[in-house]
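Chemist: My structure is in final.csv, and what it holds is CSV, N, CA, C and O atoms:
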```csv
chain,number,residue,atom,x,y,z
A,1,MET,N,-34.2,36.7,198.3
A,1,MET,CA,-32.8,36.4,198.8
A,1,MET,C,-31.8,36.5,197.7
A,1,MET,O,-32.1,36.1,196.6
A,2,ARG,N,-30.7,37.1,198.0
A,2,ARG,CA,-29.6,37.2,197.1
A,2,ARG,C,-28.4,36.4,197.6
A,2,ARG,O,-28.4,36.0,198.8
A,3,LEU,N,-27.5,36.1,196.7
A,3,LEU,CA,-26.3,35.4,197.0
A,3,LEU,C,-25.4,36.3,197.9
A,3,LEU,O,-25.2,37.5,197.5
A,4,GLN,N,-25.0,35.9,199.0
A,4,GLN,CA,-24.2,36.7,199.9
A,4,GLN,C,-22.8,36.1,200.0
A,4,GLN,O,-22.6,34.9,199.9
A,5,GLY,N,-21.8,36.9,200.3
A,5,GLY,CA,-20.5,36.4,200.6
A,5,GLY,C,-19.7,36.3,199.3
A,5,GLY,O,-19.7,37.1,198.4
A,6,ASN,N,-19.0,35.2,199.2
A,6,ASN,CA,-17.9,35.0,198.2
A,6,ASN,C,-18.5,34.4,196.9
A,6,ASN,O,-18.7,33.2,196.9
A,7,LEU,N,-18.8,35.2,195.9
A,7,LEU,CA,-19.3,34.7,194.6
A,7,LEU,C,-18.3,33.7,194.0
A,7,LEU,O,-18.7,32.7,193.4
A,8,GLN,N,-17.0,34.0,194.1
A,8,GLN,CA,-16.0,33.2,193.5
A,8,GLN,C,-16.0,31.8,194.1
A,8,GLN,O,-15.9,30.8,193.3
A,9,LEU,N,-16.3,31.6,195.4
A,9,LEU,CA,-16.3,30.3,196.0
A,9,LEU,C,-17.5,29.5,195.4
A,9,LEU,O,-17.3,28.3,195.1
A,10,VAL,N,-18.6,30.1,195.3
A,10,VAL,CA,-19.8,29.4,194.7
A,10,VAL,C,-19.5,29.1,193.3
A,10,VAL,O,-19.8,27.9,192.8
A,11,PHE,N,-19.0,30.0,192.5
A,11,PHE,CA,-18.6,29.7,191.1
A,11,PHE,C,-17.7,28.5,191.1
A,11,PHE,O,-17.8,27.6,190.2
A,12,ASP,N,-16.6,28.6,191.9
A,12,ASP,CA,-15.6,27.5,191.9
A,12,ASP,C,-16.3,26.1,192.2
A,12,ASP,O,-15.9,25.1,191.6
A,13,ALA,N,-17.2,26.1,193.1
A,13,ALA,CA,-17.9,24.9,193.5
A,13,ALA,C,-18.7,24.4,192.3
A,13,ALA,O,-18.7,23.2,191.9
A,14,LEU,N,-19.4,25.3,191.7
A,14,LEU,CA,-20.3,24.9,190.5
A,14,LEU,C,-19.4,24.4,189.4
A,14,LEU,O,-19.7,23.5,188.7
A,15,TYR,N,-18.2,25.1,189.2
A,15,TYR,CA,-17.3,24.7,188.1
A,15,TYR,C,-16.7,23.3,188.4
A,15,TYR,O,-16.7,22.5,187.5
A,16,HIS,N,-16.4,23.1,189.6
A,16,HIS,CA,-15.8,21.8,190.1
A,16,HIS,C,-16.8,20.7,189.8
A,16,HIS,O,-16.4,19.6,189.5
A,17,MET,N,-18.1,21.0,190.0
A,17,MET,CA,-19.2,20.0,189.8
A,17,MET,C,-19.5,19.8,188.3
A,17,MET,O,-20.4,19.0,188.0
A,18,GLY,N,-19.0,20.6,187.4
A,18,GLY,CA,-19.2,20.5,186.0
A,18,GLY,C,-20.5,21.2,185.6
A,18,GLY,O,-21.1,20.9,184.5
A,19,VAL,N,-21.0,22.2,186.3
A,19,VAL,CA,-22.2,22.8,186.0
A,19,VAL,C,-22.0,24.0,185.1
A,19,VAL,O,-22.9,24.3,184.3
A,20,ILE,N,-20.9,24.7,185.2
A,20,ILE,CA,-20.7,26.0,184.5
A,20,ILE,C,-20.7,25.8,183.0
A,20,ILE,O,-21.4,26.6,182.3
A,21,ASP,N,-19.9,25.0,182.4
A,21,ASP,CA,-19.8,24.9,181.0
A,21,ASP,C,-21.1,24.6,180.3
A,21,ASP,O,-21.5,25.2,179.3
A,22,PRO,N,-21.9,23.6,180.8
A,22,PRO,CA,-23.2,23.4,180.1
A,22,PRO,C,-24.1,24.6,180.2
A,22,PRO,O,-24.9,24.9,179.2
A,23,VAL,N,-24.1,25.3,181.3
A,23,VAL,CA,-24.9,26.5,181.5
A,23,VAL,C,-24.6,27.6,180.5
A,23,VAL,O,-25.4,28.3,179.9
A,24,LEU,N,-23.3,27.7,180.2
A,24,LEU,CA,-22.8,28.7,179.2
A,24,LEU,C,-23.4,28.5,177.8
A,24,LEU,O,-23.5,29.4,177.0
A,25,GLU,N,-23.7,27.2,177.5
A,25,GLU,CA,-24.2,26.9,176.2
A,25,GLU,C,-25.7,26.9,176.1
A,25,GLU,O,-26.3,26.7,175.0
A,26,MET,N,-26.4,27.1,177.2
A,26,MET,CA,-27.9,27.1,177.3
A,26,MET,C,-28.5,28.4,176.8
A,26,MET,O,-27.8,29.5,176.9
A,27,ASP,N,-29.7,28.3,176.3
A,27,ASP,CA,-30.5,29.5,176.1
A,27,ASP,C,-31.2,29.8,177.4
A,27,ASP,O,-32.2,29.1,177.8
A,28,TRP,N,-30.7,30.8,178.1
A,28,TRP,CA,-31.2,31.0,179.5
A,28,TRP,C,-32.7,31.4,179.5
A,28,TRP,O,-33.4,31.1,180.4
A,29,GLN,N,-33.1,32.2,178.5
A,29,GLN,CA,-34.5,32.6,178.4
A,29,GLN,C,-35.4,31.4,178.4
A,29,GLN,O,-36.4,31.3,179.1
A,30,SER,N,-35.1,30.4,177.5
A,30,SER,CA,-36.0,29.3,177.4
A,30,SER,C,-35.9,28.4,178.7
A,30,SER,O,-36.9,27.8,179.1
A,31,GLU,N,-34.8,28.3,179.3
A,31,GLU,CA,-34.6,27.5,180.5
A,31,GLU,C,-35.4,28.1,181.6
A,31,GLU,O,-36.2,27.4,182.3
A,32,VAL,N,-35.3,29.4,181.8
A,32,VAL,CA,-36.1,30.0,182.9
A,32,VAL,C,-37.5,30.0,182.6
A,32,VAL,O,-38.4,29.8,183.5
A,33,GLY,N,-37.9,30.4,181.4
A,33,GLY,CA,-39.3,30.5,181.0
A,33,GLY,C,-40.0,29.1,181.0
A,33,GLY,O,-41.2,29.1,181.2
A,34,GLY,N,-39.2,28.0,180.9
A,34,GLY,CA,-39.8,26.7,180.9
A,34,GLY,C,-40.0,26.1,182.2
A,34,GLY,O,-40.5,25.0,182.4
A,35,SER,N,-39.6,26.8,183.3
A,35,SER,CA,-39.7,26.3,184.6
A,35,SER,C,-40.7,27.1,185.4
A,35,SER,O,-40.5,28.3,185.7
A,36,ASP,N,-41.8,26.4,185.9
A,36,ASP,CA,-42.8,27.1,186.7
A,36,ASP,C,-42.3,27.4,188.1
A,36,ASP,O,-42.8,28.3,188.7
A,37,ASP,N,-41.3,26.7,188.5
A,37,ASP,CA,-40.9,26.8,189.9
A,37,ASP,C,-39.5,27.4,190.0
A,37,ASP,O,-38.7,27.1,190.9
A,38,TYR,N,-39.1,28.2,189.0
A,38,TYR,CA,-37.7,28.8,189.0
A,38,TYR,C,-37.4,29.5,190.3
A,38,TYR,O,-36.3,29.2,190.9
A,39,GLN,N,-38.2,30.4,190.7
A,39,GLN,CA,-37.9,31.2,191.9
A,39,GLN,C,-37.7,30.3,193.2
A,39,GLN,O,-36.8,30.5,194.0
A,40,GLY,N,-38.6,29.3,193.3
A,40,GLY,CA,-38.5,28.4,194.5
A,40,GLY,C,-37.2,27.6,194.4
A,40,GLY,O,-36.5,27.5,195.5
A,41,ARG,N,-36.8,27.2,193.3
A,41,ARG,CA,-35.5,26.4,193.1
A,41,ARG,C,-34.3,27.3,193.4
A,41,ARG,O,-33.4,26.9,194.1
A,42,VAL,N,-34.4,28.5,192.8
A,42,VAL,CA,-33.3,29.4,193.0
A,42,VAL,C,-33.1,29.8,194.5
A,42,VAL,O,-32.0,29.8,195.1
A,43,GLN,N,-34.3,30.0,195.2
A,43,GLN,CA,-34.2,30.4,196.6
A,43,GLN,C,-33.6,29.3,197.4
A,43,GLN,O,-32.8,29.5,198.3
A,44,ALA,N,-34.0,28.0,197.1
A,44,ALA,CA,-33.5,26.9,197.9
A,44,ALA,C,-31.9,26.8,197.6
A,44,ALA,O,-31.2,26.5,198.6
A,45,ALA,N,-31.5,27.0,196.4
A,45,ALA,CA,-30.1,26.9,196.1
A,45,ALA,C,-29.3,28.0,196.7
A,45,ALA,O,-28.2,27.8,197.2
A,46,LEU,N,-29.9,29.2,196.7
A,46,LEU,CA,-29.2,30.3,197.3
A,46,LEU,C,-29.1,30.1,198.8
A,46,LEU,O,-28.0,30.5,199.4
A,47,GLN,N,-30.1,29.5,199.4
A,47,GLN,CA,-30.0,29.3,200.9
A,47,GLN,C,-28.8,28.3,201.2
A,47,GLN,O,-28.0,28.6,202.1
A,48,VAL,N,-28.7,27.3,200.4
A,48,VAL,CA,-27.6,26.3,200.6
A,48,VAL,C,-26.2,27.1,200.3
A,48,VAL,O,-25.3,26.9,201.2
A,49,ALA,N,-26.1,27.8,199.2
A,49,ALA,CA,-24.9,28.5,198.9
A,49,ALA,C,-24.5,29.5,200.0
A,49,ALA,O,-23.3,29.5,200.4
A,50,ASN,N,-25.5,30.2,200.5
A,50,ASN,CA,-25.2,31.2,201.6
A,50,ASN,C,-24.8,30.5,202.9
A,50,ASN,O,-23.9,31.0,203.6
A,51,GLN,N,-25.4,29.4,203.2
A,51,GLN,CA,-25.2,28.7,204.5
A,51,GLN,C,-23.9,28.0,204.5
A,51,GLN,O,-23.3,28.0,205.6
A,52,PHE,N,-23.3,27.5,203.5
A,52,PHE,CA,-22.1,26.7,203.5
A,52,PHE,C,-20.9,27.3,202.9
A,52,PHE,O,-19.9,26.6,202.6
A,53,GLN,N,-20.9,28.6,202.7
A,53,GLN,CA,-19.8,29.3,202.0
A,53,GLN,C,-18.5,29.2,202.9
A,53,GLN,O,-17.4,29.4,202.4
A,54,GLY,N,-18.6,29.0,204.2
A,54,GLY,CA,-17.5,29.0,205.0
A,54,GLY,C,-16.7,27.7,204.9
A,54,GLY,O,-15.6,27.6,205.4
A,55,ASN,N,-17.2,26.7,204.2
A,55,ASN,CA,-16.6,25.4,204.1
A,55,ASN,C,-16.8,24.8,202.7
A,55,ASN,O,-17.9,24.3,202.4
A,56,PHE,N,-15.8,24.9,201.9
A,56,PHE,CA,-15.9,24.5,200.5
A,56,PHE,C,-16.4,23.0,200.3
A,56,PHE,O,-17.2,22.7,199.5
A,57,GLU,N,-15.8,22.1,201.1
A,57,GLU,CA,-16.2,20.7,201.0
A,57,GLU,C,-17.7,20.5,201.4
A,57,GLU,O,-18.4,19.7,200.7
A,58,MET,N,-18.1,21.2,202.4
A,58,MET,CA,-19.6,21.1,202.8
A,58,MET,C,-20.4,21.7,201.7
A,58,MET,O,-21.5,21.2,201.4
A,59,LEU,N,-20.0,22.8,201.1
A,59,LEU,CA,-20.7,23.5,200.1
A,59,LEU,C,-20.9,22.5,198.9
A,59,LEU,O,-22.0,22.3,198.4
A,60,LEU,N,-19.8,21.8,198.5
A,60,LEU,CA,-19.9,20.8,197.4
A,60,LEU,C,-20.8,19.7,197.8
A,60,LEU,O,-21.6,19.3,196.9
A,61,GLU,N,-20.7,19.2,199.0
A,61,GLU,CA,-21.6,18.1,199.4
A,61,GLU,C,-23.1,18.5,199.4
A,61,GLU,O,-23.9,17.8,198.9
A,62,GLU,N,-23.4,19.7,199.9
A,62,GLU,CA,-24.8,20.2,200.0
A,62,GLU,C,-25.3,20.5,198.6
A,62,GLU,O,-26.5,20.2,198.3
A,63,LEU,N,-24.5,21.2,197.8
A,63,LEU,CA,-24.9,21.5,196.4
A,63,LEU,C,-25.1,20.2,195.6
A,63,LEU,O,-26.0,20.1,194.8
A,64,GLY,N,-24.3,19.2,195.9
A,64,GLY,CA,-24.5,17.9,195.2
A,64,GLY,C,-25.8,17.2,195.5
A,64,GLY,O,-26.2,16.3,194.8
A,65,LYS,N,-26.5,17.6,196.5
A,65,LYS,CA,-27.8,17.1,196.8
A,65,LYS,C,-29.0,17.7,196.0
A,65,LYS,O,-30.1,17.2,196.0
A,66,LEU,N,-28.6,18.8,195.3
A,66,LEU,CA,-29.6,19.5,194.5
A,66,LEU,C,-29.6,18.8,193.1
A,66,LEU,O,-28.6,18.3,192.6
A,67,ASP,N,-30.8,18.9,192.4
A,67,ASP,CA,-30.9,18.4,191.1
A,67,ASP,C,-30.2,19.3,190.0
A,67,ASP,O,-29.9,20.4,190.3
A,68,GLU,N,-30.0,18.7,188.9
A,68,GLU,CA,-29.2,19.4,187.8
A,68,GLU,C,-29.8,20.7,187.4
A,68,GLU,O,-29.1,21.7,187.2
A,69,GLN,N,-31.1,20.8,187.3
A,69,GLN,CA,-31.8,22.0,186.8
A,69,GLN,C,-31.6,23.1,187.9
A,69,GLN,O,-31.3,24.3,187.6
A,70,THR,N,-31.8,22.8,189.2
A,70,THR,CA,-31.6,23.7,190.2
A,70,THR,C,-30.2,24.3,190.2
A,70,THR,O,-29.9,25.5,190.4
A,71,LEU,N,-29.2,23.4,190.0
A,71,LEU,CA,-27.8,23.8,190.0
A,71,LEU,C,-27.6,24.8,188.8
A,71,LEU,O,-26.8,25.8,188.9
A,72,SER,N,-28.2,24.5,187.7
A,72,SER,CA,-28.1,25.4,186.5
A,72,SER,C,-28.7,26.7,186.8
A,72,SER,O,-28.1,27.8,186.5
A,73,PHE,N,-29.8,26.8,187.5
A,73,PHE,CA,-30.4,28.0,187.9
A,73,PHE,C,-29.5,28.8,188.8
A,73,PHE,O,-29.4,30.0,188.7
A,74,LEU,N,-28.9,28.1,189.7
A,74,LEU,CA,-27.9,28.8,190.6
A,74,LEU,C,-26.7,29.4,189.9
A,74,LEU,O,-26.3,30.5,190.1
A,75,ALA,N,-26.2,28.6,188.9
A,75,ALA,CA,-25.1,29.1,188.1
A,75,ALA,C,-25.6,30.4,187.3
A,75,ALA,O,-24.8,31.3,187.2
A,76,MET,N,-26.8,30.4,186.8
A,76,MET,CA,-27.3,31.6,186.2
A,76,MET,C,-27.3,32.8,187.1
A,76,MET,O,-27.0,33.9,186.8
A,77,GLU,N,-27.8,32.5,188.3
A,77,GLU,CA,-27.8,33.6,189.4
A,77,GLU,C,-26.4,34.1,189.7
A,77,GLU,O,-26.2,35.3,189.9
A,78,VAL,N,-25.5,33.2,189.8
A,78,VAL,CA,-24.1,33.6,190.1
A,78,VAL,C,-23.6,34.5,189.0
A,78,VAL,O,-23.0,35.6,189.2
A,79,ALA,N,-23.9,34.2,187.8
A,79,ALA,CA,-23.5,35.0,186.6
A,79,ALA,C,-24.2,36.4,186.7
A,79,ALA,O,-23.5,37.4,186.4
A,80,ARG,N,-25.4,36.4,187.0
A,80,ARG,CA,-26.1,37.7,187.1
A,80,ARG,C,-25.5,38.5,188.2
A,80,ARG,O,-25.4,39.8,188.1
A,81,GLU,N,-25.2,37.9,189.3
A,81,GLU,CA,-24.6,38.7,190.5
A,81,GLU,C,-23.3,39.3,190.0
A,81,GLU,O,-23.0,40.4,190.4
A,82,TYR,N,-22.5,38.5,189.3
A,82,TYR,CA,-21.2,39.0,188.8
A,82,TYR,C,-21.4,40.2,187.9
A,82,TYR,O,-20.7,41.2,188.0
A,83,ALA,N,-22.4,40.0,187.0
A,83,ALA,CA,-22.7,41.1,186.0
A,83,ALA,C,-23.1,42.3,186.8
A,83,ALA,O,-22.7,43.5,186.4
A,84,ASP,N,-24.0,42.2,187.7
A,84,ASP,CA,-24.5,43.3,188.5
A,84,ASP,C,-23.3,44.0,189.2
A,84,ASP,O,-23.2,45.2,189.3
A,85,PHE,N,-22.5,43.2,189.9
A,85,PHE,CA,-21.3,43.7,190.6
A,85,PHE,C,-20.4,44.6,189.7
A,85,PHE,O,-20.0,45.7,190.0
A,86,HIS,N,-20.1,44.0,188.5
A,86,HIS,CA,-19.2,44.7,187.6
A,86,HIS,C,-19.9,45.9,187.0
A,86,HIS,O,-19.2,46.9,186.8
A,87,ALA,N,-21.2,45.9,186.8
A,87,ALA,CA,-21.9,47.0,186.2
A,87,ALA,C,-21.8,48.2,187.3
A,87,ALA,O,-21.6,49.3,186.9
A,88,ARG,N,-22.0,47.9,188.5
A,88,ARG,CA,-22.0,48.9,189.6
A,88,ARG,C,-20.6,49.4,189.7
A,88,ARG,O,-20.4,50.6,190.0
A,89,LYS,N,-19.6,48.5,189.6
A,89,LYS,CA,-18.2,48.9,189.8
A,89,LYS,C,-17.7,49.9,188.8
A,89,LYS,O,-17.0,50.8,189.1
A,90,TYR,N,-18.2,49.7,187.6
A,90,TYR,CA,-17.7,50.6,186.5
A,90,TYR,C,-18.6,51.7,186.1
A,90,TYR,O,-18.3,52.5,185.2
A,91,VAL,N,-19.7,51.9,186.8
A,91,VAL,CA,-20.6,53.0,186.5
A,91,VAL,C,-20.0,54.3,187.0
A,91,VAL,O,-20.2,55.3,186.4
A,92,HIS,N,-19.3,54.3,188.0
A,92,HIS,CA,-18.8,55.5,188.7
A,92,HIS,C,-17.7,56.1,187.9
A,92,HIS,O,-16.9,56.1,187.4
```
With the file now loaded, output its structure as structure tokens.
Modeler:
Amino acid sequence: MRLQGNLQLVFDALYHMGVIDPVLEMDWQSEVGGSDDYQGRVQAALQVANQFQGNFEMLLEELGKLDEQTLSFLAMEVAREYADFHARKYVH
């Protein structure tokens, strides 16, 4: 499953929750490598993000139910999606 819809909305929600700045300072390789259940956590977070993008307040509420590590993983996925988007946009 990939993040669908408005990446900026999910980024804004994570930023509002204070997730983005700490993730920018992390060593992503060690964070991902140190988690046996990375994919499961990411999939759960993506499902929430995709389901509640139509309502920012509900998105914040539902993301707030996830643990800190899962939110960090989601922030990493949002960053990857942005990077992929921009790479595709400027390849042509």
Chemist: Considering only C-alpha atoms, return as a PyMOL selection string whatever protein or nucleic-acid residues lie within 7 Å of Val10 in chain A, sequence-local ones (same chain, fewer than 4 positions apart) excluded.
Modeler: chain A and resi 6+14+49
Chemist: List every residue of chain A that DSSP, applied to the backbone of this structure, places in alpha helix (DSSP H), and write the result as a PyMOL selection string.
Modeler: chain A and resi 7-16+20-24+28-33+38-51+56-63+68-91
Chemist: State, in Å with one decimal place, the distance from atom C of Leu71 in chain A to atom N of Val19 in chain A.
Modeler: 7.5 Å
Chemist: Can you pull out the residues contacting Ala44 in chain A? Cut-off 8 Å, using all atoms listed in the file, and skip same-chain residues under 6 positions away; I want them as number ranges by chain.
Modeler: A: 37-38, 50-51, 62, 70
Chemist: Looking at A:Met76, A:Ala45, A:Met1, A:Leu63, which one is nearest to Trp28 in chain A, with distances taken over all atoms listed in the file?
Modeler: A:Met76
Chemist: Quick check, in Å to one decimal: how far apart do atom N of Phe56 in chain A and atom C of Leu9 in chain A lie?
Modeler: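 Calculated distance between atom N of Phe56 in chain A and atom C of Leu9 in chain A is 8.1 Å.
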Chemist: Identify which of the residues A:Asp12, A:Leu74, A:Phe85, A:Met58 lies closest to Leu46 in chain A, counting all atoms listed in the file when measuring atom-to-atom distances.
Modeler: A:Leu74
Chemist: Report as lines of an AutoDock Vina configuration file the centre and the edge lengths, in Å to one decimal, of the axis-aligned box holding every listed atom of range 5-12 of chain A, padded by 8 Å on each side.
Modeler:
```
center_x = -18.7
center_y = 31.1
center_z = 195.4
size_x = 22.2
size_y = 28.0
size_z = 26.4
```
Chemist: Take atom C of Gln39 in chain A and atom N of Glu25 in chain A and report the distance between them in Å, one decimal.
Modeler: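 These atoms are spaced 21.3 Å apart.
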Chemist: With distances taken over all atoms listed in the file, which of A:Leu24, A:Gly5, A:Arg41, A:Met17 is nearest to Phe73 in chain A?
Modeler: A:Arg41
Chemist: Return the single residue from A:Met26, A:Ala79, A:Ala87, A:Leu7 that is closest to Gly54 in chain A, with distances computed using only C-alpha atoms.
Modeler: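 Using only C-alpha atoms, Gly54 in chain A sits closest to A:Leu7.
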Chemist: Rank nothing, just name the residue among A:Gln29, A:Val42, A:Tyr15, A:Glu61 nearest to Glu77 in chain A, using all atoms listed in the file.
Modeler: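 So, comparing all the options, the nearest one is A:Val42.
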Chemist: Counting all atoms listed in the file, which residue out of A:Gln43, A:Val48, A:Pro22, A:Ser30 sits closest to Ser72 in chain A?
Modeler: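 Of A:Gln43, A:Val48, A:Pro22, A:Ser30, the one nearest Ser72 in chain A, counting all atoms listed in the file, is A:Pro22.
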